[in-house]
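Here is the structure we will look at.
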Amino acid sequence: MNLKRLRLKPQPPAYSIPRTLKAGCTFLLLCQSAWADNQATDEIYRLGEIIVTGEQPGVEAIASTYELDAKDIERKAARTFDEAIELLPGVNVRTGADGTPRIDVRGFRTRHVKLLLNGVPFNSTFDGQFDPTMIPTESIAKIKMTSGASSELYGEGAAAAVINIITKKGASGYHANAAGEVGNRGHQRTWGSASAGFDSADFMVSLSHQDRDGFPLSDDFNPTSEENGGVRNNSDRRRTNVYTNAGFRPNDDWSLGLTFNHSQGTHGVPSSVTNDSTDNFASRPRYERINDEAIYASQFTVAYDPEGPWSSKNWAYLNVTDEEANRYDDASLTSMNSNRVNGTFDLTSSTQIAGGHTQTSYDHAWGGQLTLMGDAREERWSQDGVIRDIPQTTVVGGRGRGGRSTTTTTYNLRNVDENRNLGVVSTAAELTLSPLKNLGIALGYGHHWLIRDDDSGADDSSFIAGAHYDLPTDTRLRASASRKIRIPSIRQLYETSTGDPNLKFEQSYNYEAGMTQQLPGNSEISVTGFLNDVSNYIEQDNNNRFRNFAKYEFQGVEIMGQTYAVSDLMLRTSYTFLHSRDRSDSEGRDELQYRPKHKLAFEADYQFGYGFSGYLNVMHVADEYYYSRNQPLQKGRLEEYTLLNMKLNYSLFNNKANIYVGADNILDTNYQESVALPQAGRFVYTGAKLSF
């Protein structure tokens with residue numbers, strides 16, 4: 001890690017490993033003997049990356065930019081994207097009632113985080129969120145998160161942060177690896193890759209499969225009528241992933257690239273463990289499963305970079321997500337036939353993002369770059385199936401003198417067949433320059449249009465402005481101000497029972513100032529203060545309709561440090577303080593719910609010698625509040641918790657073979673990230689990886 005940029009170098013349905021994955025893994029194993037003389041090495045697929053700075057520090061030097069590389073991810077045995085970034089400052093990974101980990105940053109929700117995979121947008125067209133468990137880590141070369149004043153070249157939708165995931169590509173020669181991992185409670189994971197690089201071409205293919213029967217609850221969990229402990233009910237998860245890219249360079253000026261990734265799986269949605277009508281905080285249990293989900297994403301890139309000041313990068317992209325979701329009558333997960341249960345459903349939905357991106361850069365004479373960007377995409381969403389939510393009241397009895405009547409409400413089915421689409425166009429210009437030695441300035445402006453079929457579209461603008469200055473004492477000072485917007489999602493605009501087509505864009509003014517200090521002993525520390533002033537924030541009112549009524553304020557401090565002062569030992573720590581405030585007219589709510597005030601993280605990695613190494617991390621979260629479902633509002637607080645994870649690794653044959661064992665939540669902490677939704681207890685695993 002280089003802190004100059006804060007770089008952190010019913011029963012579950014049967015599910016079998018697809019034939020394509022079996023064949024791919026067999027192919028990888030057959031290649032081992034042929035490739036035994038090549039050390040497995042992967043480079044970064046930069047054709048898919050939105051470049052926001054040239055040779056001189058640019059926009060990323062004025063903002064909080066954190067990076068993780070493949071070594072960081074492997075060190076902590078992160079299996080999915082959310083596990084990889086959970087320790088980053090300002091990040092709060094929270095699993096709520098929908099069973100999907102959500103990534104909140106500096107108090108903002110997941111929909112305010114713009115996620116890009118090789119430049120392809122991954123936020124859902126329906127609700128603006130994303131499922132991080134659908135992005136495995138084995139093909140990731142770099143994760144870059146820019147909070148606050150992110151570049152205008154990313155477009156709209158990044159009020160909280162931009163997370164740019166860049167994958168690996170084939171390096172010179174032939175390479176392959178294969179790995180497997182097992183853990184308690186039926187956890188199995190296999191993955192592998194093959195890659196090659198030549199003078200003018202390269203390719204990489206990566207395959208993986210992950211399967212678990214469910215996650216274990218802590219031994220300290222107290223059983224309830226809905227959950228008896230042990231393996232969490234309906235918490236199974238299966239994932240199969242295929243990723244490939246190829247690059248071709250016909251000459252020194254032109255580069256062509258093609259990527260494709262596919263993820264498919266199924267998972268349960270653990271319900272609330274509380275079923276008490278007098279409890280005003282916990283949601284009632286819902287018995288849901290995602291019985292099939294699949295992502296197909298592709299990108300084709302053409303880059304032109306001749307000798308001289310000009311360069312250009314252009315790509316087209318497509319991202320399609322299909323999902324089959326069911327809500328059942330009860331925990332048996334077998335039926336939705338009872339007319340006394342409201343809200344059961346059998347729905348199939350599809351989302352699609354198709355578009356193109358272009359950016360042209362000019363390295364000017366003032367030590368910086370001028371870049372022009374254009375991005376246009378079409379977002380589509382469709383859904384069909386049935387849902388049981390039509391109330392029908394029946395009165396029984398009441399005839400004759402003194403007769404008493406009984407009112408019974410049942411629910412009938414209705415057919416669902418909906419489809420919506422909208423267009424989003426963004427343009428931006430960004431200038432970085434260095435008018436004085438050690439001084440860098442960044443300025444950017446973007447304009448964004450929402451295009452709808454009924455010609456009722458809207459537009460708004462965004463900007464960034466900031467500077468950094470390097471002192472002779474190995475100190476960098478920086479400050480920035482930005483205005484970010486987010487266009488309402490299809491759900492917020494059009495959903496039958498909750499949407500409002502007249503919603504305005506969400507707006508946020510983000511301010512931050514920070515300092516990075518180089519210290520003796522190959523050590524660094526960074527301190528950042530931030531303030532986000534948010535208006536037109538979209539929330540649901542008391543009638544569950546989306547409205548632009550909320551005004552929020554997020555302010556806080558992020559502190560991060562790292563040292564290599566002791567040979568073979570890496571120490572890294574971070575602390576985030578977040579104060580959230582509701583400045584709207586709602587009564588009884590000062591701090592916002594599920595935004596922890598304190599988060600402390602610590603990591604250590606030590607190379608013992610003779611091939612042995614050890615890694616551990618600790619995360620402590622405290623002062624996280626929640627509110628009652630009904631008025632007048634009541635306030636509760638989640639128990640603070642500490643998680644300790646550890647991994648031991650043994651390398652052989654010049655790091656071509658690795659054997660490891662580890663444990664997550666070693667202390668078996670019983671904790672919640674949302675009320676009445678307990679999270680995983682102790683999880684123990686072991687695995688091996690071979691590289692060729």
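Chain lettering (A, B, ...) mirrors the order of the structure tokens, residue numbering begins at 1 for each chain separately, and ligand numbering begins at 1 in order of display.
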Practice task
Please run DSSP on the backbone and report, as a list of chain:residue names, all residues within range 404-622 of chain A that come out as alpha helix (DSSP H).
Solution key: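 Here is the list: A:Ile490, A:Arg491, A:Gln492, A:Leu493, A:Tyr494.
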Do you have, as a Markdown table, the list of residues of range 200-250 of chain A lying at most 12 Å from range 285-304 of chain A, each with its nearest atom pair and that distance in Å to one decimal, counting only C-alpha atoms and ordered by chain then number?
```
| residue | atom | partner | partner_atom | distance |
| --- | --- | --- | --- | --- |
| A:Ser225 | CA | A:Pro285 | CA | 10.8 |
| A:Glu226 | CA | A:Pro285 | CA | 8.1 |
| A:Glu227 | CA | A:Pro285 | CA | 10.7 |
| A:Asn233 | CA | A:Tyr287 | CA | 10.0 |
| A:Asn234 | CA | A:Arg289 | CA | 7.9 |
| A:Ser235 | CA | A:Arg289 | CA | 9.4 |
| A:Asp236 | CA | A:Arg289 | CA | 9.8 |
| A:Arg237 | CA | A:Ile290 | CA | 9.6 |
| A:Arg238 | CA | A:Asp292 | CA | 9.9 |
| A:Arg239 | CA | A:Glu293 | CA | 9.4 |
| A:Thr240 | CA | A:Ala294 | CA | 9.4 |
| A:Asn241 | CA | A:Ile295 | CA | 9.4 |
| A:Val242 | CA | A:Tyr296 | CA | 9.7 |
| A:Tyr243 | CA | A:Ala297 | CA | 9.5 |
| A:Thr244 | CA | A:Ser298 | CA | 9.6 |
| A:Asn245 | CA | A:Gln299 | CA | 9.3 |
| A:Ala246 | CA | A:Phe300 | CA | 9.8 |
| A:Gly247 | CA | A:Thr301 | CA | 9.2 |
| A:Phe248 | CA | A:Val302 | CA | 9.9 |
| A:Arg249 | CA | A:Ala303 | CA | 9.6 |
| A:Pro250 | CA | A:Tyr304 | CA | 11.1 |
```
With C-alpha atoms retained, export the selected residues as a PDB file, in the first residue's frame.
```
ATOM      1  CA  SER A 225     -39.536 -19.671  17.498  1.00  0.00           C
ATOM      2  CA  GLU A 226     -38.109 -18.807  14.046  1.00  0.00           C
ATOM      3  CA  GLU A 227     -34.502 -19.949  14.480  1.00  0.00           C
ATOM      4  CA  ASN A 233     -32.200 -21.273   8.318  1.00  0.00           C
ATOM      5  CA  ASN A 234     -32.392 -20.624   4.557  1.00  0.00           C
ATOM      6  CA  SER A 235     -28.844 -19.224   4.385  1.00  0.00           C
ATOM      7  CA  ASP A 236     -27.443 -21.521   1.689  1.00  0.00           C
ATOM      8  CA  ARG A 237     -25.668 -19.933  -1.281  1.00  0.00           C
ATOM      9  CA  ARG A 238     -24.280 -21.225  -4.564  1.00  0.00           C
ATOM     10  CA  ARG A 239     -22.312 -19.331  -7.192  1.00  0.00           C
ATOM     11  CA  THR A 240     -20.654 -20.234 -10.486  1.00  0.00           C
ATOM     12  CA  ASN A 241     -18.536 -17.660 -12.292  1.00  0.00           C
ATOM     13  CA  VAL A 242     -16.813 -17.455 -15.657  1.00  0.00           C
ATOM     14  CA  TYR A 243     -14.656 -14.504 -16.678  1.00  0.00           C
ATOM     15  CA  THR A 244     -12.513 -13.989 -19.761  1.00  0.00           C
ATOM     16  CA  ASN A 245     -10.751 -11.169 -21.560  1.00  0.00           C
ATOM     17  CA  ALA A 246      -8.605 -10.856 -24.661  1.00  0.00           C
ATOM     18  CA  GLY A 247      -6.437  -8.052 -25.997  1.00  0.00           C
ATOM     19  CA  PHE A 248      -4.948  -7.397 -29.430  1.00  0.00           C
ATOM     20  CA  ARG A 249      -2.463  -4.714 -30.489  1.00  0.00           C
ATOM     21  CA  PRO A 250      -2.242  -4.426 -34.299  1.00  0.00           C
TER      22      PRO A 250
END
```
Please report as JSON lines every residue of range 41-97 of chain A lying within 9 Å of range 674-681 of chain A, along with the nearest atom pair and their distance in Å (one decimal), using only C-alpha atoms.
```
{"residue": "A:Arg94", "atom": "CA", "partner": "A:Ser674", "partner_atom": "CA", "distance": 7.4}
{"residue": "A:Thr95", "atom": "CA", "partner": "A:Ser674", "partner_atom": "CA", "distance": 6.9}
{"residue": "A:Gly96", "atom": "CA", "partner": "A:Ser674", "partner_atom": "CA", "distance": 5.6}
{"residue": "A:Ala97", "atom": "CA", "partner": "A:Leu677", "partner_atom": "CA", "distance": 7.4}
```
Please produce an output containing N, CA and C atoms for each residue in the selection, written as a short mmCIF file (atom, residue, chain, number, x, y, z; two decimals), in the first residue's frame.
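Saved file part_22.cif follows:
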```
data_model
loop_
_atom_site.label_atom_id
_atom_site.label_comp_id
_atom_site.auth_asym_id
_atom_site.auth_seq_id
_atom_site.Cartn_x
_atom_site.Cartn_y
_atom_site.Cartn_z
N ARG A 94 -23.34 -4.06 5.32
CA ARG A 94 -24.49 -4.39 6.18
C ARG A 94 -25.44 -5.31 5.43
N THR A 95 -25.81 -6.40 6.07
CA THR A 95 -26.79 -7.33 5.51
C THR A 95 -28.12 -7.12 6.21
N GLY A 96 -29.14 -6.74 5.45
CA GLY A 96 -30.46 -6.48 5.99
C GLY A 96 -31.44 -7.56 5.64
N ALA A 97 -32.72 -7.17 5.56
CA ALA A 97 -33.80 -8.15 5.39
C ALA A 97 -33.79 -8.81 4.02
#
```
Counting only C-alpha atoms, which residues in range 495-522 of chain A sit no more than 10 Å from range 555-569 of chain A? For each one, give the nearest pair of atoms and the distance in Å, sorted by chain then residue number, as a tab-separated table.
```
residue	atom	partner	partner_atom	distance
A:Asn510	CA	A:Gln555	CA	9.7
A:Tyr511	CA	A:Gln555	CA	9.3
A:Glu512	CA	A:Gln555	CA	9.4
A:Ala513	CA	A:Val557	CA	9.8
A:Gly514	CA	A:Glu558	CA	9.1
A:Met515	CA	A:Ile559	CA	9.8
A:Thr516	CA	A:Met560	CA	9.3
A:Gln517	CA	A:Gly561	CA	9.4
A:Gln518	CA	A:Gly561	CA	10.0
A:Leu519	CA	A:Thr563	CA	8.7
A:Pro520	CA	A:Ala565	CA	7.8
A:Gly521	CA	A:Ala565	CA	4.3
A:Asn522	CA	A:Tyr564	CA	5.5
```
Problem - strand (DSSP E) residues, from DSSP on the backbone, in range 111-268 of chain A, as number ranges by chain - result: A: 113-117, 120-121, 140-147, 161-170, 173-183, 187-197, 201-212, 237-248, 254-268
Handout entry: Who sits within 8 Å of range 490-507 of chain A, only C-alpha atoms, same chain under 4 positions skipped, as an NGL selection string
Key = :A and (125-127 or 159 or 381 or 420-422 or 460 or 483-486 or 534-538 or 540 or 544-548)
Please, could you write that set of residues out with N, CA and C atoms as a PDB file, in the first residue's frame?
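In the end it all went to out26.pdb:
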```
ATOM      1  N   THR A 125     -30.611  -1.480 -12.734  1.00  0.00           N
ATOM      2  CA  THR A 125     -31.508  -0.481 -13.319  1.00  0.00           C
ATOM      3  C   THR A 125     -32.786  -0.355 -12.499  1.00  0.00           C
ATOM      4  N   PHE A 126     -33.129  -1.372 -11.708  1.00  0.00           N
ATOM      5  CA  PHE A 126     -34.389  -1.345 -10.960  1.00  0.00           C
ATOM      6  C   PHE A 126     -34.295  -0.464  -9.722  1.00  0.00           C
ATOM      7  N   ASP A 127     -33.312  -0.743  -8.852  1.00  0.00           N
ATOM      8  CA  ASP A 127     -33.246   0.006  -7.589  1.00  0.00           C
ATOM      9  C   ASP A 127     -31.897   0.685  -7.354  1.00  0.00           C
ATOM     10  N   ALA A 159     -22.621   9.959  -5.527  1.00  0.00           N
ATOM     11  CA  ALA A 159     -22.651  10.891  -4.404  1.00  0.00           C
ATOM     12  C   ALA A 159     -21.761  10.408  -3.265  1.00  0.00           C
ATOM     13  N   TRP A 381     -36.014  -2.521 -17.557  1.00  0.00           N
ATOM     14  CA  TRP A 381     -36.431  -3.420 -16.484  1.00  0.00           C
ATOM     15  C   TRP A 381     -37.771  -4.030 -16.855  1.00  0.00           C
ATOM     16  N   ARG A 420     -40.299  -1.207 -18.074  1.00  0.00           N
ATOM     17  CA  ARG A 420     -39.982   0.224 -18.100  1.00  0.00           C
ATOM     18  C   ARG A 420     -38.584   0.404 -18.682  1.00  0.00           C
ATOM     19  N   ASN A 421     -38.350   1.584 -19.234  1.00  0.00           N
ATOM     20  CA  ASN A 421     -37.001   1.898 -19.697  1.00  0.00           C
ATOM     21  C   ASN A 421     -36.778   3.403 -19.618  1.00  0.00           C
ATOM     22  N   LEU A 422     -35.535   3.789 -19.525  1.00  0.00           N
ATOM     23  CA  LEU A 422     -35.147   5.196 -19.521  1.00  0.00           C
ATOM     24  C   LEU A 422     -33.734   5.300 -20.073  1.00  0.00           C
ATOM     25  N   ASP A 460     -29.416  18.006 -14.960  1.00  0.00           N
ATOM     26  CA  ASP A 460     -28.771  18.687 -13.842  1.00  0.00           C
ATOM     27  C   ASP A 460     -27.264  18.589 -14.055  1.00  0.00           C
ATOM     28  N   ARG A 483     -20.049  18.839  -6.235  1.00  0.00           N
ATOM     29  CA  ARG A 483     -21.505  18.671  -6.251  1.00  0.00           C
ATOM     30  C   ARG A 483     -21.813  17.410  -7.036  1.00  0.00           C
ATOM     31  N   LYS A 484     -22.517  16.478  -6.414  1.00  0.00           N
ATOM     32  CA  LYS A 484     -22.855  15.215  -7.049  1.00  0.00           C
ATOM     33  C   LYS A 484     -24.377  15.064  -7.137  1.00  0.00           C
ATOM     34  N   ILE A 485     -24.814  14.385  -8.181  1.00  0.00           N
ATOM     35  CA  ILE A 485     -26.241  14.122  -8.332  1.00  0.00           C
ATOM     36  C   ILE A 485     -26.450  12.636  -8.583  1.00  0.00           C
ATOM     37  N   ARG A 486     -27.669  12.206  -8.306  1.00  0.00           N
ATOM     38  CA  ARG A 486     -28.067  10.839  -8.620  1.00  0.00           C
ATOM     39  C   ARG A 486     -29.475  10.857  -9.207  1.00  0.00           C
ATOM     40  N   VAL A 534     -26.709  16.880   1.971  1.00  0.00           N
ATOM     41  CA  VAL A 534     -27.549  16.167   1.017  1.00  0.00           C
ATOM     42  C   VAL A 534     -28.961  16.733   1.035  1.00  0.00           C
ATOM     43  N   SER A 535     -29.507  16.977  -0.160  1.00  0.00           N
ATOM     44  CA  SER A 535     -30.897  17.437  -0.277  1.00  0.00           C
ATOM     45  C   SER A 535     -31.610  16.610  -1.342  1.00  0.00           C
ATOM     46  N   ASN A 536     -32.939  16.684  -1.326  1.00  0.00           N
ATOM     47  CA  ASN A 536     -33.775  15.883  -2.223  1.00  0.00           C
ATOM     48  C   ASN A 536     -33.511  14.393  -2.076  1.00  0.00           C
ATOM     49  N   TYR A 537     -33.042  13.992  -0.898  1.00  0.00           N
ATOM     50  CA  TYR A 537     -32.776  12.584  -0.640  1.00  0.00           C
ATOM     51  C   TYR A 537     -34.090  11.813  -0.726  1.00  0.00           C
ATOM     52  N   ILE A 538     -34.070  10.698  -1.443  1.00  0.00           N
ATOM     53  CA  ILE A 538     -35.301   9.937  -1.686  1.00  0.00           C
ATOM     54  C   ILE A 538     -35.481   8.885  -0.601  1.00  0.00           C
ATOM     55  N   GLN A 540     -38.917   6.646   1.599  1.00  0.00           N
ATOM     56  CA  GLN A 540     -40.331   6.310   1.584  1.00  0.00           C
ATOM     57  C   GLN A 540     -41.027   6.991   2.761  1.00  0.00           C
ATOM     58  N   ASN A 544     -45.423   4.574   2.393  1.00  0.00           N
ATOM     59  CA  ASN A 544     -44.484   3.784   1.591  1.00  0.00           C
ATOM     60  C   ASN A 544     -44.298   4.324   0.178  1.00  0.00           C
ATOM     61  N   ARG A 545     -44.607   5.604  -0.056  1.00  0.00           N
ATOM     62  CA  ARG A 545     -44.355   6.224  -1.350  1.00  0.00           C
ATOM     63  C   ARG A 545     -42.996   6.917  -1.310  1.00  0.00           C
ATOM     64  N   PHE A 546     -42.239   6.799  -2.416  1.00  0.00           N
ATOM     65  CA  PHE A 546     -40.954   7.478  -2.498  1.00  0.00           C
ATOM     66  C   PHE A 546     -41.171   8.975  -2.666  1.00  0.00           C
ATOM     67  N   ARG A 547     -40.411   9.765  -1.876  1.00  0.00           N
ATOM     68  CA  ARG A 547     -40.519  11.224  -1.930  1.00  0.00           C
ATOM     69  C   ARG A 547     -39.137  11.845  -1.767  1.00  0.00           C
ATOM     70  N   ASN A 548     -38.996  13.074  -2.307  1.00  0.00           N
ATOM     71  CA  ASN A 548     -37.758  13.860  -2.144  1.00  0.00           C
ATOM     72  C   ASN A 548     -37.840  14.732  -0.891  1.00  0.00           C
TER      73      ASN A 548
END
```
Exercise for the section: May I have the residues within 8 Å of Lys599 in chain A as a list of chain:residue names, using only C-alpha atoms and disregarding those fewer than 5 positions away in the same chain? Expected result: A:Tyr575, A:Thr576, A:Phe577, A:Met619, A:His620, A:Val621, A:Ala622
Problem - Using only C-alpha atoms: which of A:Ile62, A:Glu553, A:Ile50, A:Val341 has the shortest distance to Gly374 in chain A - result: A:Ile50
Problem - Shell of 12 Å around Glu324 in chain A, only C-alpha atoms, local chain residues under 3 positions omitted, as a ChimeraX atom specification - result: /A:264-268,288-294,321,327,345-350,382-386
Practice task
Have a look at A:Leu531, A:Ala194, A:Ala160, A:Ile353 and name the one nearest to Pro121 in chain A; count only C-alpha atoms.
Solution key: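 When distances to Pro121 in chain A are compared using only C-alpha atoms, the smallest one comes from A:Ile353.
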Exercise for the section: Find the residue from A:Gly687, A:His175, A:Asn542, A:His262 that sits nearest to Gln631 in chain A; use only C-alpha atoms when measuring. Expected result: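 Nearest candidate to Gln631 in chain A out of A:Gly687, A:His175, A:Asn542, A:His262: A:Asn542.
Proximity of A:Ala61, A:Val52, A:Leu578, A:Thr133 to Ile441 in chain A, computed with only C-alpha atoms, is greatest for A:Ala61.
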Handout entry: Nearest candidate to Ala176 in chain A (options A:Ala604, A:Val105, A:Ala158, A:Ala196; using only C-alpha atoms)
Key =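 Residue with the minimum atom-to-atom distance to Ala176 in chain A: A:Ala196.
Each of A:Leu592, A:Glu430, A:Asn670, A:Tyr627 was checked against Ser283 in chain A using only C-alpha atoms; the smallest atom-to-atom distance is that of A:Tyr627.
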Exercise for the section: Mind checking which residues fall within 7 Å of Gly356 in chain A, counting only C-alpha atoms, ignoring those fewer than 6 positions away in the same chain, and posting them as a VMD selection string? Expected result: chain A and resid 315 to 317 375 to 377
Please produce a file of those selected residues containing C-alpha atoms, as a PDB file, in the first residue's frame.
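File again_8.pdb, as written:
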```pdb
ATOM      1  CA  TRP A 315     -15.983   1.212 -25.480  1.00  0.00           C
ATOM      2  CA  ALA A 316     -19.435  -0.282 -25.765  1.00  0.00           C
ATOM      3  CA  TYR A 317     -20.929  -2.338 -22.952  1.00  0.00           C
ATOM      4  CA  ASP A 375     -21.402   8.424 -21.871  1.00  0.00           C
ATOM      5  CA  ALA A 376     -24.871   7.290 -22.970  1.00  0.00           C
ATOM      6  CA  ARG A 377     -26.791   4.267 -21.747  1.00  0.00           C
TER       7      ARG A 377
END
```
Problem - Distance of CA of Gly119 in chain A from CA of Gly423 in chain A, expressed in Å to one decimal place - result: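 Value for the CA of Gly423 in chain A-CA of Gly119 in chain A distance: 17.8 Å.
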Handout entry: Who sits within 6 Å of Lys169 in chain A, only C-alpha atoms, same chain under 6 positions skipped, as a PyMOL selection string
Key = chain A and resi 42-45+204
